Amino acid sequence: MPPILRVENVAKSFGGVQALRKVSLQLMPNEILGLIGPNGAGKTTFFNTVCGVFRPDEGRVFLEERDVTGWPAHRIARMGIGRTFQIVKPFRNISLERNVLVALGHDRISGWRPSMLGTGLKAHRDEVRRLLRLVGLEEFIDQTPTTLPLGHQKRMEISRALALRPKVLMLDEPFAGLSEEDIVPLAGVIKNLQREGLSILLIEHNIPHVMELCSRLAVLNFGENLCDGPPEIIRRDPRVITAYLGS
Amino acid sequence: MVQQFLNGIITGSLYALIAVGLTMVYGILRILHIAHAAVFVGGAYIGLVAYTFTGSLVLALIAAAAGCSVLGYLIQRYLYTPMLTEERIVPLIASVGLFILCEDLFRLLGGPYIRAFKVDLWFEKIAFLEAVVTAHQVLILITTAVCLLVVYAVISKTKLGLAWQATAQDMDTARAMGVNIRQVVTFNFIIASSIAAIAGVMTAINYNSVLPTMGSVISYKMFAIVVLGGMGSIPGTVVASLIIGMSETFMSAYFGFIMPRDAIAFTAMILILIVRPQGLFGRAR
Amino acid sequence: MLKVDRLSVSYGEYRAVSEVSFHVGQGELVTFIGANGAGKTSTIRAVLGLVQQTTGSIWLDGRDVTPLAAHERVKSGISIVPEGRKIFPELSVLQNLHMGAYTLEDQTRLARNVDWVFELFPILKQRRNQPGGNLSGGEQQMLAIGRAVMSEPKLLLIDEMSMGLMPIFVDKVFELVKKLNRDGMTILLVEQNAQKALGVADRAYVLKTGRIVLHDSADNLRKNPEIQKAYLGG
Amino acid sequence: MGLGYLTTIGTLVCIYAILAISLNIISGYAGQASLGHAAFFGIGAYASALLTLKLGIGFWVAAPLAMMAAGAIGAVVGVISLRIKGDFLAVTTIGINFVIVTVFEYSDFFGGAYGIMGIQYPTLFGVKISKGYYLLMCLGFVGLCALFSLLVSKSWLGLALEAIRENEAAAEASGINCAKFKIIAFAFGCAWAGLAGVLFAHFMRFITPNDFAFPISITIVAMMVVGGIGTLRGPILGALLMAALPELLRPLANYRLLFYGGLIVLMTRFQPQGLFGDKAFILRMLLGRGPRSMRHSGD
Amino acid sequence: GGPSSPAAAQPIKIGLMAPLTGPAAADGLSAKQSCEMLVEQVNAAGGINGRKIELIVYDDQFDSKQAVTVAQKMIEGDKVVAGVSGSYSFTTRAAAQVFQEEKIPFSVGYALHPAITEGGKYVFRVTVLGHVQGRAGGYAAGNLLKVKTVSMLIQDNDFGQSLASGFREQAEGLGVKVLSADKFKMGEKEFSPVLTKIKQLNPDLIYNTAYPIDGALILKQAADLGIKTQQMGSEGLDSTKGFLDVAGKAAEGIIITTNLDRDSKAEITRKYLDEYQKKYGFAPDMTGASTYDALLMVIDAIKKVGTDADKIVDAFRAMKGWQGVTGQIQAFTPQGEVIKNVELQVVRSNVFRHFGVVSDLKLLTP
Ligand SMILES: Nc1ncnc2c1ncn2[C@@H]1O[C@H](COP(=O)(O)OP(=O)(O)OP(=O)(O)O)[C@@H](O)[C@H]1O
Ligand SMILES: Nc1ncnc2c1ncn2[C@@H]1O[C@H](COP(=O)(O)OP(=O)(O)OP(=O)(O)O)[C@@H](O)[C@H]1O
Ligand SMILES: [Mg+2]
Ligand SMILES: [Mg+2]
């Protein structure tokens, strides 16, 4: 089976800082791949490069074997990559409903069809509700993100990414800042999504949950692949232990 | 050629003197402070009154700076600060309203007519290399240099300057670091307004005139400079002032009929911004 | 050291914290645990005077600081690691640290503290002249922690300490907190990693929808089966 | 009061209302600062004046052409807005206003400093429209413009613009082509401003570059802000209020401008979300909702 | 006091529009003060056939939209029998249209835009067209000053443009060479760059079409740069407070074309100058004098024929040889443009003095 997302030797530097030296990665269909590595290893930069926020200095990105390197972010999003942000970026002053609706309507908005001046957006409220319910935010549907605690905002971003009906979901530290109480159901949701056929790439420092959730781990260090493999093996890799996990 | 170069420098330094205050205000509150021009005109009027009574330019400058500090403080305290949480265009419009109000107030108080502001300095002009500089122009150059150096030193070398920058970026967090926001903002406005006052007096004596509408061109044109400099960067403002001063001078000297000076300033700004959207000294975001 | 009496925080009509009372003794390390939206951040910000609509009173060192503005409270020896890091994005790393020591007058101590922070987090030293906004999430978190300890506070408020930090550093910062506490610093810690937080704390309060529902020594809470189930993933 | 006087003011109010509504599409919905809206007002006016005078085209053909001209140049500003953002864009649009007015003022093709004279009232089926009917026609266009704005805000397009206003990075990640929609917002907003220009030119029948200078842009922004940015009723009512204000203040004679400025200060200071915005005092009174807890006082 | 008027007589209303606020407030005030003085004088002398005059003054704020509403308001609301413009060109042009449509006589003071009178027969102007005045300047340059070369500084509005085009036409016709022609914007302050260039060209004459403050700065900066060339200006500089005070000794020797001769022997002019000085404490400007004449003509016409609009218009048209503050009107063209002499004034010891007069009819007829 070909990988759904294939990244080859991408490099990216900011002025003097080489955030990615050479990173390759393959995400197989229907897997949860954990991307871990020390702070500043280049994980977020990697996400941004794949999603089209940055153009890589070198290397190529393939989505379902199609070269999408250098495509603008919105096109990649429409091609089927949904993502969340490490530092949350909600649409701050509009309701959660409209936050999610934006992504839900991406295909309606993109084309010049009659639906663009469409009949009430309200018609999609049920779908939005479903997406918010998934992450436990249904009751906040009419509130704006500014009035919600950080943890809620992060979960809203997952709903929003799912509204794109993506093939690949990329989550940047979804558990950070969430209490254990909230993580457990969210991890369940992620697992479910995978079962329903989504491929998921996950950056996370919460090792116990990563180990449990991911079928495979890839480790970045100083902008390079350190190693990858099943969680049990990675956990015992001495290089990973010294660079990242600690005793 | 030498003369044109001098003309450019002098125009540029007057611009810098006015724009630096705007840059400071923008730098800390992120407000496009149109009413800065009203402070500038206020300075010219106060200076004129003080000079008429005392006959001393130094006293006139001090009086203008003091008066405008109060004006600046009031604007900051009772108009801008309560509006900080609003959309940024709201304080801008408030500022426009204030500018209209002040301009008309000056007209009502000082009459619509132009008033001469004649100050004789200890020499009249210096001629060298087939160029001429008047005493007023020399005074402008010196004042500008001193004011700008002082501001630059404060901002880049002192804790207060650091607090200014921090406050500009995140007021809440700056407060959490122990910055007395109110004091810092007040101080910023006092310095900015004092410099505007000094610029007002300098402009008035250079052109031997004070009139209610002398701020109207300045009110928006200075933004071309502030933006070109990178919004909030003092060295950027100085360089931008000189660029605009020079381009206006050389354009109007050699192609004077193509467009008015304001349009030259804005054209220069737009062209440079298209190449460098963050301004000359701004940081790319 | 810190005594909070019937503190309430509202946002408009919504009351996020209702009448919570708690205290943190001199040299204690106290932690707050609670789900998202329980009101932890609101409480911490209220202690520092950063939220507007509050009622109740806050005592610091036996002094009523309720009428004081935020910056005055900071002067009397509080500092904070804010939720979401709140790094000054356009100040350099070094300038960010200097801002942390805004209330510290002594230049030599400032320089020493900078060195100390750089020693704790070597990556910050490498990035010292870069704008804080360009750092990675974890690097920013380190900077936020470093910035907070720069002023040698008497009372340190930490909102989400380990957020975004890699595992080695999680251990490291908990050790750091423990050490600071042992050296005499009073600490109020909000942390999602309840397991670790209870491991270092002396006492803990459990918040739920704006109220304190439980309060006990850390050891006892760790053994409490309900807490284990809800917050410790056990 | 005389009918002619009232129709004159009414027509001007309509023209301003179209300007404020159209600016609101750019600034209120899409969140893009524009302090040069008068330039597009001018483009519409000049285009229609020249088309009718020089080419002898009728009003009803010239009007859409003029709208297109303004919209096309608006789209160019949209392209510029992709690169220059935020306050930089705001000041750039001031510059664009200056440059465009300079073009009118310094090229003989546009009548130079003398302006353009002899523009005619439009005819409908060969009959010259009278002042009263012209006002009705303008009202009709205000209605169309408001309807357009309403459709935008209720449609996917409006949602996309809102997303761009709130956060561009997140909008891109949600599949929104920010570049395209910014250009669309500018193009539509400016095209409507162009229509206002058409109406203005044929009403005044004499236009000079002065009529489209930067202070007019500021007036339009002020109408939008004073009324309530981001809403539809805000700009309309704001235009009504602000365009009538100079006449309402006429009894103050010499103190007119003083009060005008003062009122702007007071309105923005105490009703920063607009007199008719969502949180407005007036609206609350009318709808009988009790006073909400006041905003926190700033430090 | 004059004879008391019958109580039943309604006052005759005449409208005045002027920029009383905004950037041109000084000129508006001059116009308003002059007209108020005139109305006081006429009323004190018993009014017109026993009826008092009531002056309705409106502010146009230097805005053509307001000019239109103000015109409507004075015609419909106040039912004025005639209107007077003490305002600039573009506002006056916009208002003229309304007066023409409503068929109310409109007498224009100092606005120079050529198209103002194009509106129709109800619109008149008491000052000469900018183009004509420019021609007079060119004539003076070539024939009286006998200069060979000239540099022009042209204000980029209709005022400056029309003066400059007339000047250029006439001067070039007389063999004067135009070395440079630079435009500048109203409110410009820094002329050193262009003056530096002009200094190198070294013309015999510098002609500017500036308003008072800009003109004062041109002269002052020219003096600072050591330029000793003869200067010439237009009625735009005919202001004591705005021009002479600011330019100071730099103004010495400049010649301007205007329609107010401050050394005039005519009694009406003397009286105006003296009384204005007495009443307001400073010497009046051309803008005041012209607007005064515009109003005075209306009053004289009403005295003759009553308040019927068409009769007033006809009376206007018949006013050959009418003497006003700003000189004697030779005739009106069918357009409604005035034909009268252009005065040349020179500044000596910081006051305007008589220098000459241009009275060539061929040149003065638009
Ligand atoms: N815009 C930028 N300019 C300069 N340097 C940058 C920029 N963005 C990231 N960096 C640097 O690149 C490196 C990689 O950053 P990145 O955000 O990808 O790390 P990360 O692996 O996501 O770390 P974390 O786990 O802390 O989030 C960091 O050292 C950071 O300082
Ligand atoms: N600015 C605000 N306006 C309105 N409501 C707010 C605001 N900030 C927080 N809230 C509400 O107050 C409640 C408490 O929020 P707070 O941020 O204190 O929770 P928390 O315990 O820190 O949560 P988290 O663990 O997610 O950080 C939440 O329900 C939130 O919705
Ligand atoms: Mg990261
Ligand atoms: Mg929190």
# chains A, B, ... in the order shown; residues from 1 in each chain; ligands from 1

call {"tool": "residues_near_ligand", "arguments": {"ligand": "ligand 2", "cutoff": "9 Å", "atoms": "only C-alpha atoms and all ligand atoms", "output": "VMD selection string"}}
result
(chain A and resid 143 to 153 177 to 179) or (chain C and resid 9 to 17 33 to 45 51 83 to 84 159 to 160 190 to 192 207 to 210)

call {"tool": "write_last_selection", "arguments": {"atoms": "N, CA and C atoms", "output": "compact mmCIF listing (two decimals), in the first residue's frame"}}
result
# COMPACT_ATOMS: atom_id res chain seq x y z
N GLN A 143 -20.93 30.19 21.83
CA GLN A 143 -19.99 31.08 22.50
C GLN A 143 -18.81 31.39 21.58
N THR A 144 -18.12 32.49 21.88
CA THR A 144 -16.93 32.79 21.09
C THR A 144 -15.70 32.23 21.81
N PRO A 145 -14.66 31.92 21.08
CA PRO A 145 -13.47 31.34 21.69
C PRO A 145 -12.87 32.20 22.80
N THR A 146 -12.99 33.52 22.69
CA THR A 146 -12.40 34.37 23.74
C THR A 146 -12.94 34.03 25.12
N THR A 147 -14.15 33.51 25.18
CA THR A 147 -14.72 33.26 26.49
C THR A 147 -14.45 31.82 26.96
N LEU A 148 -13.68 31.08 26.21
CA LEU A 148 -13.45 29.69 26.58
C LEU A 148 -12.04 29.47 27.09
N PRO A 149 -11.88 28.53 28.00
CA PRO A 149 -10.52 28.25 28.46
C PRO A 149 -9.71 27.61 27.34
N LEU A 150 -8.42 27.71 27.54
CA LEU A 150 -7.49 27.27 26.50
C LEU A 150 -7.77 25.86 26.02
N GLY A 151 -8.01 24.97 26.95
CA GLY A 151 -8.23 23.57 26.60
C GLY A 151 -9.38 23.41 25.62
N HIS A 152 -10.44 24.18 25.85
CA HIS A 152 -11.58 24.11 24.96
C HIS A 152 -11.21 24.62 23.57
N GLN A 153 -10.42 25.67 23.55
CA GLN A 153 -10.04 26.22 22.25
C GLN A 153 -9.25 25.20 21.46
N GLY A 177 -1.77 21.14 28.01
CA GLY A 177 -2.69 22.05 28.67
C GLY A 177 -4.04 21.44 28.98
N LEU A 178 -4.21 20.17 28.61
CA LEU A 178 -5.47 19.52 28.98
C LEU A 178 -5.27 18.68 30.23
N SER A 179 -6.31 18.63 31.04
CA SER A 179 -6.19 17.80 32.23
C SER A 179 -6.43 16.35 31.85
N VAL C 9 -14.43 35.79 40.67
CA VAL C 9 -14.02 36.44 39.42
C VAL C 9 -15.16 36.30 38.42
N SER C 10 -15.53 37.40 37.79
CA SER C 10 -16.58 37.31 36.77
C SER C 10 -16.08 37.90 35.46
N TYR C 11 -16.63 37.37 34.39
CA TYR C 11 -16.42 37.96 33.06
C TYR C 11 -17.79 38.37 32.57
N GLY C 12 -18.06 39.66 32.60
CA GLY C 12 -19.41 40.08 32.27
C GLY C 12 -20.37 39.48 33.27
N GLU C 13 -21.33 38.74 32.76
CA GLU C 13 -22.31 38.15 33.67
C GLU C 13 -21.88 36.77 34.16
N TYR C 14 -20.85 36.26 33.52
CA TYR C 14 -20.45 34.89 33.83
C TYR C 14 -19.47 34.86 34.99
N ARG C 15 -19.77 34.05 35.97
CA ARG C 15 -18.91 33.99 37.14
C ARG C 15 -18.01 32.77 37.02
N ALA C 16 -16.73 33.00 36.83
CA ALA C 16 -15.80 31.90 36.59
C ALA C 16 -15.28 31.31 37.88
N VAL C 17 -15.15 32.15 38.90
CA VAL C 17 -14.66 31.67 40.20
C VAL C 17 -15.62 32.20 41.25
N ILE C 33 -5.34 21.64 41.26
CA ILE C 33 -5.67 20.79 40.12
C ILE C 33 -7.15 20.93 39.79
N GLY C 34 -7.46 20.63 38.56
CA GLY C 34 -8.84 20.80 38.13
C GLY C 34 -8.92 20.72 36.62
N ALA C 35 -10.10 20.38 36.15
CA ALA C 35 -10.28 20.20 34.72
C ALA C 35 -10.20 21.53 33.99
N ASN C 36 -10.26 21.47 32.68
CA ASN C 36 -10.27 22.70 31.90
C ASN C 36 -11.50 23.52 32.23
N GLY C 37 -11.25 24.81 32.42
CA GLY C 37 -12.36 25.68 32.70
C GLY C 37 -12.77 25.71 34.15
N ALA C 38 -11.98 25.05 35.01
CA ALA C 38 -12.33 25.02 36.42
C ALA C 38 -12.14 26.39 37.07
N GLY C 39 -11.32 27.22 36.48
CA GLY C 39 -11.11 28.55 37.05
C GLY C 39 -9.72 28.76 37.63
N LYS C 40 -8.80 27.88 37.30
CA LYS C 40 -7.46 28.00 37.86
C LYS C 40 -6.76 29.25 37.36
N THR C 41 -6.78 29.43 36.06
CA THR C 41 -6.11 30.60 35.49
C THR C 41 -6.74 31.89 36.02
N SER C 42 -8.05 31.88 36.08
CA SER C 42 -8.72 33.08 36.56
C SER C 42 -8.28 33.39 37.99
N THR C 43 -8.16 32.37 38.81
CA THR C 43 -7.75 32.59 40.20
C THR C 43 -6.35 33.18 40.25
N ILE C 44 -5.46 32.57 39.50
CA ILE C 44 -4.08 33.04 39.53
C ILE C 44 -3.97 34.48 39.04
N ARG C 45 -4.68 34.76 37.98
CA ARG C 45 -4.61 36.12 37.46
C ARG C 45 -5.22 37.12 38.45
N VAL C 51 -7.19 40.61 36.53
CA VAL C 51 -8.56 40.58 36.02
C VAL C 51 -9.35 41.68 36.70
N GLU C 83 -0.15 31.55 31.74
CA GLU C 83 -0.68 30.53 30.83
C GLU C 83 -0.43 30.97 29.39
N GLY C 84 -0.05 30.04 28.57
CA GLY C 84 0.20 30.39 27.17
C GLY C 84 1.48 31.17 26.97
N ASP C 159 1.39 28.99 36.04
CA ASP C 159 0.17 28.50 35.41
C ASP C 159 0.59 27.58 34.27
N GLU C 160 0.40 26.30 34.45
CA GLU C 160 0.77 25.30 33.44
C GLU C 160 2.27 25.28 33.21
N VAL C 190 -0.04 25.63 39.22
CA VAL C 190 -1.18 25.04 38.52
C VAL C 190 -0.59 24.12 37.48
N GLU C 191 -1.08 22.91 37.41
CA GLU C 191 -0.42 21.97 36.53
C GLU C 191 -1.41 20.91 36.08
N GLN C 192 -1.37 20.62 34.80
CA GLN C 192 -2.26 19.56 34.31
C GLN C 192 -1.70 18.19 34.62
N LEU C 207 -10.08 22.19 42.22
CA LEU C 207 -11.11 23.13 41.77
C LEU C 207 -12.07 22.44 40.82
N LYS C 208 -13.32 22.82 40.96
CA LYS C 208 -14.29 22.32 40.00
C LYS C 208 -15.31 23.43 39.76
N THR C 209 -15.53 23.74 38.52
CA THR C 209 -16.44 24.82 38.12
C THR C 209 -16.43 26.01 39.08
N GLY C 210 -15.23 26.51 39.28
CA GLY C 210 -15.10 27.75 40.02
C GLY C 210 -15.15 27.64 41.54

call {"tool": "residues_around", "arguments": {"residues": "Val98 (chain E)", "least_positions_apart": "4", "cutoff": "12 Å", "atoms": "only C-alpha atoms", "output": "ChimeraX atom specification"}}
result
/D:4-5,8,131,203-206 /E:64-65,67-76,83,91-94,102-106,116,119-120,122-123

call {"tool": "closest_atom_pairs", "arguments": {"of": "chain A", "to": "ligand 1", "cutoff": "7 Å", "atoms": "only C-alpha atoms and all ligand atoms", "output": "Markdown table"}}
result
| residue | atom | partner | partner_atom_place_in_ligand_line | distance |
| --- | --- | --- | --- | --- |
| A:Phe14 | CA | ligand 1 | 4 (C) | 4.7 |
| A:Gly15 | CA | ligand 1 | 4 (C) | 6.7 |
| A:Val17 | CA | ligand 1 | 5 (N) | 5.6 |
| A:Gln18 | CA | ligand 1 | 12 (O) | 6.6 |
| A:Ala19 | CA | ligand 1 | 12 (O) | 4.1 |
| A:Gly37 | CA | ligand 1 | 21 (O) | 6.5 |
| A:Pro38 | CA | ligand 1 | 25 (O) | 5.9 |
| A:Asn39 | CA | ligand 1 | 26 (O) | 3.4 |
| A:Gly40 | CA | ligand 1 | 19 (O) | 3.5 |
| A:Ala41 | CA | ligand 1 | 21 (O) | 3.8 |
| A:Gly42 | CA | ligand 1 | 18 (O) | 3.1 |
| A:Lys43 | CA | ligand 1 | 21 (O) | 3.6 |
| A:Thr44 | CA | ligand 1 | 22 (O) | 3.6 |
| A:Thr45 | CA | ligand 1 | 18 (O) | 3.6 |
| A:Phe46 | CA | ligand 1 | 18 (O) | 6.2 |

call {"tool": "residues_around", "arguments": {"residues": "Ile164 (chain D)", "least_positions_apart": "3", "cutoff": "9 Å", "atoms": "only C-alpha atoms", "output": "VMD selection string"}}
result
(chain A and resid 91) or (chain D and resid 29 to 31 159 to 161 167 to 172 176 178 181 to 182)

call {"tool": "closest_residue", "arguments": {"among": "C:Met99, C:Leu143, C:Leu189, C:Val20", "to": "ligand 4", "atoms": "only C-alpha atoms and all ligand atoms"}}
result
C:Leu189

call {"tool": "residues_near_ligand", "arguments": {"ligand": "ligand 3", "cutoff": "12 Å", "atoms": "only C-alpha atoms and all ligand atoms", "output": "count of residues only"}}
result
42

call {"tool": "residues_around", "arguments": {"residues": "Met1 (chain B)", "least_positions_apart": "5", "cutoff": "10 Å", "atoms": "only C-alpha atoms", "output": "PyMOL selection string"}}
result
(chain B and resi 6-7+130-131+250) or (chain E and resi 193+196-197)
